[in-house]
Amino acid sequence: MVFYLVGLGLGDVTDITVKGLNIVNSPLQKVYFENYTSLLSFGFDQTQLEKFYERPIIEADREFVEQKIEKVLEESLNDDIALLIVGDPFGATTHSDLLIRARQIGVSVKVIHNASILTAVGCTGLQLYNFGSTVSIPFWTDNWEPDSFFEKFVKNERFIMGKEKRKNFLRLHNYEPVILINLNNGMHTLCLLDIKIKEQSLENILRFF
């Protein structure tokens, strides 16, 4: 039996590859839609997904992926199961981890690649070869404001800050950030913004900014 990781691309349901669509339309036991690391352009619309793929689609949100995915992997020992993933399956470490865990228990895994933001960022006109480390920026809440991502920024700020400003920053914060490393090396930085699947109102999204 096979556990399929199927990339959906970056737009809507029609961006799935022919190979991916053939797998979804095959007699799989279950098809999950990973609704945790990224979203299609219309968000998560189960009705639209099931209409296009012509089969039941099970939502796999953050809680499911983090706490219940082991059961899915175990089921894949006896049944063919697919996990639909926005972008490319290896655009997030979450899915690399799933691949490793599946193989550790003897599950056969097949990956169907698709477009990823890591390559689509080339539409900005910036060369992909000139990108440094990617930075993930967490979604802040009223009680949680993580700033570890800023470490990458500050290392790059050697170009922006000047020696004195940088020296003062390091004295106050006691670390040298990731975006600064990229800047210092003349590299671009792709920043990935966190999402809150259960909080999709404009008000909540704007709270980050």
# chains A, B, ... in the order shown; residues from 1 in each chain; ligands from 1
>>> residues_around(residues="Ile81 of chain A", least_positions_apart="3", cutoff="6 Å", atoms="only C-alpha atoms", output="ChimeraX atom specification")
/A:3,28-31,76
>>> residues_around(residues="Tyr129 of chain A", least_positions_apart="5", cutoff="12 Å", atoms="only C-alpha atoms", output="CSV table (one decimal) with C-alpha atoms, in the first residue's frame")
chain,number,residue,atom,x,y,z
A,118,LEU,CA,10.3,28.9,-3.1
A,119,THR,CA,10.5,29.0,-6.9
A,121,VAL,CA,9.2,34.0,-5.9
A,122,GLY,CA,11.2,34.3,-9.1
A,186,GLY,CA,24.6,40.2,-0.8
A,187,MET,CA,21.6,37.8,-0.8
A,188,HIS,CA,17.9,38.3,-1.0
A,189,THR,CA,15.6,37.0,1.9
>>> residues_around(residues="Asn25 of chain A", least_positions_apart="2", cutoff="9 Å", atoms="only C-alpha atoms", output="PyMOL selection string")
chain A and resi 20-23+27-28+53-55
>>> write_last_selection(atoms="N, CA, C and O atoms", output="PDB file, in the first residue's frame")
ATOM      1  N   GLY A  20      -0.980  13.988 -10.358  1.00  0.00           N
ATOM      2  CA  GLY A  20      -1.613  14.115  -9.054  1.00  0.00           C
ATOM      3  C   GLY A  20      -3.104  13.868  -9.115  1.00  0.00           C
ATOM      4  O   GLY A  20      -3.677  13.193  -8.247  1.00  0.00           O
ATOM      5  N   LEU A  21      -3.751  14.397 -10.154  1.00  0.00           N
ATOM      6  CA  LEU A  21      -5.193  14.224 -10.308  1.00  0.00           C
ATOM      7  C   LEU A  21      -5.539  12.756 -10.550  1.00  0.00           C
ATOM      8  O   LEU A  21      -6.538  12.248 -10.025  1.00  0.00           O
ATOM      9  N   ASN A  22      -4.723  12.076 -11.322  1.00  0.00           N
ATOM     10  CA  ASN A  22      -4.971  10.649 -11.576  1.00  0.00           C
ATOM     11  C   ASN A  22      -4.905   9.849 -10.276  1.00  0.00           C
ATOM     12  O   ASN A  22      -5.678   8.904 -10.077  1.00  0.00           O
ATOM     13  N   ILE A  23      -3.993  10.237  -9.388  1.00  0.00           N
ATOM     14  CA  ILE A  23      -3.875   9.537  -8.104  1.00  0.00           C
ATOM     15  C   ILE A  23      -5.105   9.806  -7.240  1.00  0.00           C
ATOM     16  O   ILE A  23      -5.672   8.886  -6.641  1.00  0.00           O
ATOM     17  N   PRO A  27      -8.779   4.576  -6.864  1.00  0.00           N
ATOM     18  CA  PRO A  27      -9.552   4.046  -5.721  1.00  0.00           C
ATOM     19  C   PRO A  27      -8.775   4.073  -4.402  1.00  0.00           C
ATOM     20  O   PRO A  27      -8.444   3.042  -3.813  1.00  0.00           O
ATOM     21  N   LEU A  28      -8.466   5.281  -3.936  1.00  0.00           N
ATOM     22  CA  LEU A  28      -7.805   5.444  -2.641  1.00  0.00           C
ATOM     23  C   LEU A  28      -8.795   5.200  -1.513  1.00  0.00           C
ATOM     24  O   LEU A  28      -9.996   5.449  -1.668  1.00  0.00           O
ATOM     25  N   TYR A  53     -12.678  17.300  -7.166  1.00  0.00           N
ATOM     26  CA  TYR A  53     -12.007  15.998  -7.114  1.00  0.00           C
ATOM     27  C   TYR A  53     -12.989  14.835  -7.142  1.00  0.00           C
ATOM     28  O   TYR A  53     -12.582  13.673  -7.245  1.00  0.00           O
ATOM     29  N   GLU A  54     -14.277  15.148  -7.007  1.00  0.00           N
ATOM     30  CA  GLU A  54     -15.344  14.154  -7.108  1.00  0.00           C
ATOM     31  C   GLU A  54     -15.174  13.011  -6.116  1.00  0.00           C
ATOM     32  O   GLU A  54     -15.350  11.828  -6.452  1.00  0.00           O
ATOM     33  N   ARG A  55     -14.839  13.392  -4.885  1.00  0.00           N
ATOM     34  CA  ARG A  55     -14.717  12.390  -3.829  1.00  0.00           C
ATOM     35  C   ARG A  55     -14.669  13.112  -2.482  1.00  0.00           C
ATOM     36  O   ARG A  55     -14.386  14.314  -2.414  1.00  0.00           O
TER      37      ARG A  55
END
>>> residues_around(residues="segment 86-92 of chain A", least_positions_apart="3", cutoff="7 Å", atoms="only C-alpha atoms", output="PyMOL selection string")
chain A and resi 5-10+38-40+95-96+113-117
>>> write_last_selection(atoms="C-alpha atoms", output="PDB file, in the first residue's frame")
ATOM      1  CA  LEU A   5       2.142  13.237  -0.813  1.00  0.00           C
ATOM      2  CA  VAL A   6       0.451  15.206  -3.590  1.00  0.00           C
ATOM      3  CA  GLY A   7       1.451  18.809  -4.296  1.00  0.00           C
ATOM      4  CA  LEU A   8      -1.405  21.088  -5.386  1.00  0.00           C
ATOM      5  CA  GLY A   9       0.522  24.131  -6.600  1.00  0.00           C
ATOM      6  CA  LEU A  10      -0.178  27.699  -5.516  1.00  0.00           C
ATOM      7  CA  SER A  38      -0.463  26.837   3.599  1.00  0.00           C
ATOM      8  CA  LEU A  39      -3.727  27.656   1.819  1.00  0.00           C
ATOM      9  CA  LEU A  40      -5.024  27.730  -1.733  1.00  0.00           C
ATOM     10  CA  HIS A  95       6.153  16.954   5.192  1.00  0.00           C
ATOM     11  CA  SER A  96       9.803  15.893   5.120  1.00  0.00           C
ATOM     12  CA  HIS A 113       5.800  17.520  -6.926  1.00  0.00           C
ATOM     13  CA  ASN A 114       4.254  20.853  -7.921  1.00  0.00           C
ATOM     14  CA  ALA A 115       4.994  24.584  -7.954  1.00  0.00           C
ATOM     15  CA  SER A 116       6.268  26.122  -4.711  1.00  0.00           C
ATOM     16  CA  ILE A 117       6.608  29.661  -3.359  1.00  0.00           C
TER      17      ILE A 117
END
>>> select_by_dssp(residues="segment 19-80 of chain A", states="alpha helix (DSSP H)", output="list in words")
Lys19, Gly20, Leu21, Asn22, Ile23, Val24, Gln46, Thr47, Gln48, Leu49, Glu50, Lys51, Phe52, Tyr53, Arg62, Glu63, Phe64, Val65, Glu66, Gln67, Ile69, Glu70, Lys71, Val72, Leu73, Glu74 and Glu75 of chain A
>>> atom_distance(atom1="atom CA of Phe33 of chain A", atom2="atom CA of Ser108 of chain A")
19.3 Å
>>> residues_around(residues="Asp45 of chain A", least_positions_apart="4", cutoff="12 Å", atoms="only C-alpha atoms", output="list in words")
Asp12, Val13, Phe33, Asn35, Leu39, Leu40, Ser41, Leu49, Glu50, Lys51, Phe52, Ile57, Ile58 and Glu59 of chain A
>>> closest_residue(among="A:Asp80, A:Glu70, A:Glu34, A:Asp142", to="Gln46 of chain A", atoms="only C-alpha atoms")
A:Glu34
>>> closest_residue(among="A:Ile195, A:Val2, A:Ile179, A:Leu190", to="Thr124 of chain A", atoms="only C-alpha atoms")
A:Leu190
